[in-house]
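Colleague: Next up is a structure, given as structure tokens.
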Amino acid sequence: MTTNLLAAYAEVAGEDVVNHLCQLSAPLKGMQVVHVNSTRIGGGVAEILAKLVPLKRELGIDARWEVITGEADFYKCTKSFHNALQGSPVNLPDASLRLFEETNARNAEKLRPILEEADVVFIHDPQPVPLLKLCPRRKGKWVWRCHIDVSHPYRPVWKYLRGFVTAYDASVFSLAAFSQSLPHPQYLIAPSIDPLSEKNIDLPDEEIRAVCARFDLDPSRPMLLQVSRFDRFKDPLGVIQSYRLAKTFVPVLQLVLAGGGATDDPEGEAVLEEVQAAAGEDPDIHILSLPADAHRTINALQRAADIVVQKSLKEGFGLTVTEGMWKGKPVIGGDTGGIRLQVVDHHTGFLVNTPEGVALRTRYLLHHRDKLEEMGRKARRFVRENFLLTRQLRDNLALMLALTRAHNDQIKLELA
Ligand code: UDP
């Protein structure tokens with residue numbers, strides 16, 4: 001049965017895509033599925049869960065989303081895990097690791113009844129990874145869903161976390177390059193954006209103009225935009241350097257760095273201060289510190305921009321890339337992690353390694369408007385075909401079927 005919400009997705013993604021979802025979910029109806037992460041607000045994981053969980057419910061699956069909580073030192077420790085998994089050497093004293101495990105034990109007290117009863121549990125990223133060991137009477141299958149670029153993790157930290165991961169029934173990574181040596185099946189599922197969310201729906205031109213006016217942006221002049229948490233792996237200082245180089249070719253250029261914090265990211269404030277210092281008094285650099293629910297504002301900025309930049313040094317996936325592409329913008333992105341999956345060099349944007357690379361590609365695109373628009377069109381089509389929520393949900397349903405009905409090696413699908 002197609003509900004109103006599913007019909008709305010059919011309009012954007014195609015009727016056949018939604019039929020497919022209904023068929024895949026039929027054997028999973030009533031199943032209890034729990035997703036666990038460490039923040040409800042900010043960052044890509046929260047962004048995805050906020051959409052994926054309601055849509056699973058719409059398909060008759062009893063899905064819920066739980067969030068573990070901790071004190072400031074817990075998030076400091078898990079942020080170090082994050083940095084270490086993306087390759088930074090970090091020093092984690094035993095006391096931090098004890099706090100990490102104790103915080104998980106406290107959360108397990110509360111969550112155990114739900115988690116032990118669930119048919120499938122998805123644990124997102126390292127923060128809640130010890131929960132499995134803390135639920136000895138678990139009934140269902142447990143999946144570790146890693147959203148981080150773990151292609152070259154700092155070994156001592158990965159060794160410690162791997163000790164928890166090995167007990168899972170499966171892992172999911174966003175890219176083949178992130179897979180690890182683990183004693184269970186590993187699946188690849190790329191993230192996605194929700195085309196019907198406030199962040200991605202079409203906006204009237206007047207709203208876009210009003211957002212530009214609010215932030216003193218001149219819509220008649222070219223604009224580069226990077227939307228990101230203030231995180232060093234997103235290289236905001238490199239973006240400022242890129243803009244300064246590009247401005248020597250395009251003097252009227254404006255730069256917008258829009259970001260906010262995630263509740264599980266304690267480093268944002270310090271990085272924001274570094275960015276403000278680097279921007280100095282330049283009136284054409286606009287650093288916007290936005291509230292976590294500024295989805296329509298970000299949508300409008302992405303639509304107002306001429307080029308979207310995501311100059312990350314490491315990137316698990318980069319939803320901001322997908323979001324920019326969906327708005328028909330070419331993306332100049334760091335040649336790393338999940339950005340490589342989305343930016344098809346010279347087609348949907350450009351992959352770069354240096355500020356000079358960003359500057360030269362910016363000059364090219366702003367001087368060849370026809371190319372800029374053609375790449376933008378290709379970018380939107382590429383997202384429609386590969387990175388909409390409906391595709392991620394399909395992969396997710398297929399994984400649940402594989403895990404819970406392993407004795408059935410065929411899933412029967414009929415053409416509508
Ligand atoms: N985002 C936001 N406000 C901000 C910064 C980011 O809403 O101030 C959103 C952004 O639009 C995207 C997500 O947070 O949907 C970030 O996901 P991404 O995969 O790009 O990076 P992550 O933060 O997960 O490393």
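Chain identifiers are assigned as A, B, and so on, following the order in which chains appear in the structure tokens; residues are numbered from 1 within each chain, and ligands are numbered from 1 in order of appearance.
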If we count only C-alpha atoms, what is near Lys51 of chain A at a cut-off of 10 Å, once residues fewer than 2 positions away on the same chain are taken out, given as a PDB file with C-alpha atoms, in the first residue's frame?
Modeller:
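Writing done, so here's part36.pdb:
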ATOM      1  CA  ALA A  46      21.690  12.646  12.904  1.00  0.00           C
ATOM      2  CA  GLU A  47      20.633  14.142   9.586  1.00  0.00           C
ATOM      3  CA  ILE A  48      20.154  10.667   8.074  1.00  0.00           C
ATOM      4  CA  LEU A  49      18.502   9.010  11.081  1.00  0.00           C
ATOM      5  CA  VAL A  53      13.693   6.021  10.919  1.00  0.00           C
ATOM      6  CA  PRO A  54      10.298   7.671  10.131  1.00  0.00           C
ATOM      7  CA  LEU A  55      10.374   6.213   6.630  1.00  0.00           C
ATOM      8  CA  LYS A  56      10.996   2.701   7.994  1.00  0.00           C
ATOM      9  CA  SER A 192      21.902   9.770   1.156  1.00  0.00           C
ATOM     10  CA  ILE A 193      19.849  12.948   1.415  1.00  0.00           C
ATOM     11  CA  ASP A 194      16.126  13.380   1.837  1.00  0.00           C
ATOM     12  CA  LEU A 196      11.596  16.203   0.751  1.00  0.00           C
ATOM     13  CA  SER A 197      13.332  17.707   3.791  1.00  0.00           C
ATOM     14  CA  LEU A 389      17.066   8.409   0.812  1.00  0.00           C
ATOM     15  CA  LEU A 393      16.544   2.629   2.572  1.00  0.00           C
TER      16      LEU A 393
END
Colleague: Can you list, as a ChimeraX atom specification, every protein, DNA or RNA residue that comes within 6 Å of segment 81-88 of chain A when you count only C-alpha atoms, leaving out same-chain residues fewer than 6 positions away?
Modeller: /A:149-150,152-154
Colleague: Got time to write the residues from that selection, N, CA, C and O atoms, as a short mmCIF file (atom, residue, chain, number, x, y, z; two decimals), in the first residue's frame?
Modeller:
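Dumped everything to out.cif:
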data_model
loop_
_atom_site.label_atom_id
_atom_site.label_comp_id
_atom_site.auth_asym_id
_atom_site.auth_seq_id
_atom_site.Cartn_x
_atom_site.Cartn_y
_atom_site.Cartn_z
N ASP A 149 35.72 7.97 7.80
CA ASP A 149 36.76 7.53 6.88
C ASP A 149 37.82 6.77 7.66
O ASP A 149 38.70 7.36 8.29
N VAL A 150 37.69 5.42 7.66
CA VAL A 150 38.65 4.60 8.43
C VAL A 150 39.66 3.93 7.50
O VAL A 150 40.17 2.86 7.79
N HIS A 152 42.73 4.76 6.84
CA HIS A 152 44.07 4.64 7.46
C HIS A 152 43.98 5.03 8.92
O HIS A 152 44.50 6.08 9.32
N PRO A 153 43.34 4.19 9.72
CA PRO A 153 43.16 4.58 11.13
C PRO A 153 44.48 4.55 11.90
O PRO A 153 45.41 3.84 11.53
N TYR A 154 44.53 5.34 12.97
CA TYR A 154 45.66 5.28 13.89
C TYR A 154 45.54 3.95 14.63
O TYR A 154 44.57 3.71 15.35
#
Colleague: In Å to one decimal, how far is atom CA of Met223 of chain A from atom CA of Thr248 of chain A?
Modeller: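 So the answer is 14.4 Å.
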Colleague: Enumerate as JSON, numbers by chain the residues within 9 Å of ligand 1, counting only C-alpha atoms and all ligand atoms.
Modeller: {"A": [41, 42, 43, 44, 45, 46, 47, 48, 147, 148, 191, 193, 199, 227, 228, 229, 230, 231, 233, 234, 258, 259, 260, 261, 262, 288, 289, 290, 291, 292, 293, 294, 295, 298, 299, 310, 315, 316, 317, 318, 319, 320, 321, 322, 323, 338]}
Colleague: Using atom CA of Leu28 of chain A and atom CA of Ala50 of chain A as the two end points, give the distance in Å to one decimal.
Modeller: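 Result for atom CA of Leu28 of chain A versus atom CA of Ala50 of chain A: 20.2 Å, one decimal.
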Colleague: One decimal, in Å: what's the spacing between atom CA of Asn4 of chain A and atom CA of Asn386 of chain A?
Modeller: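 We find that atom CA of Asn4 of chain A and atom CA of Asn386 of chain A lie 23.1 Å from each other.
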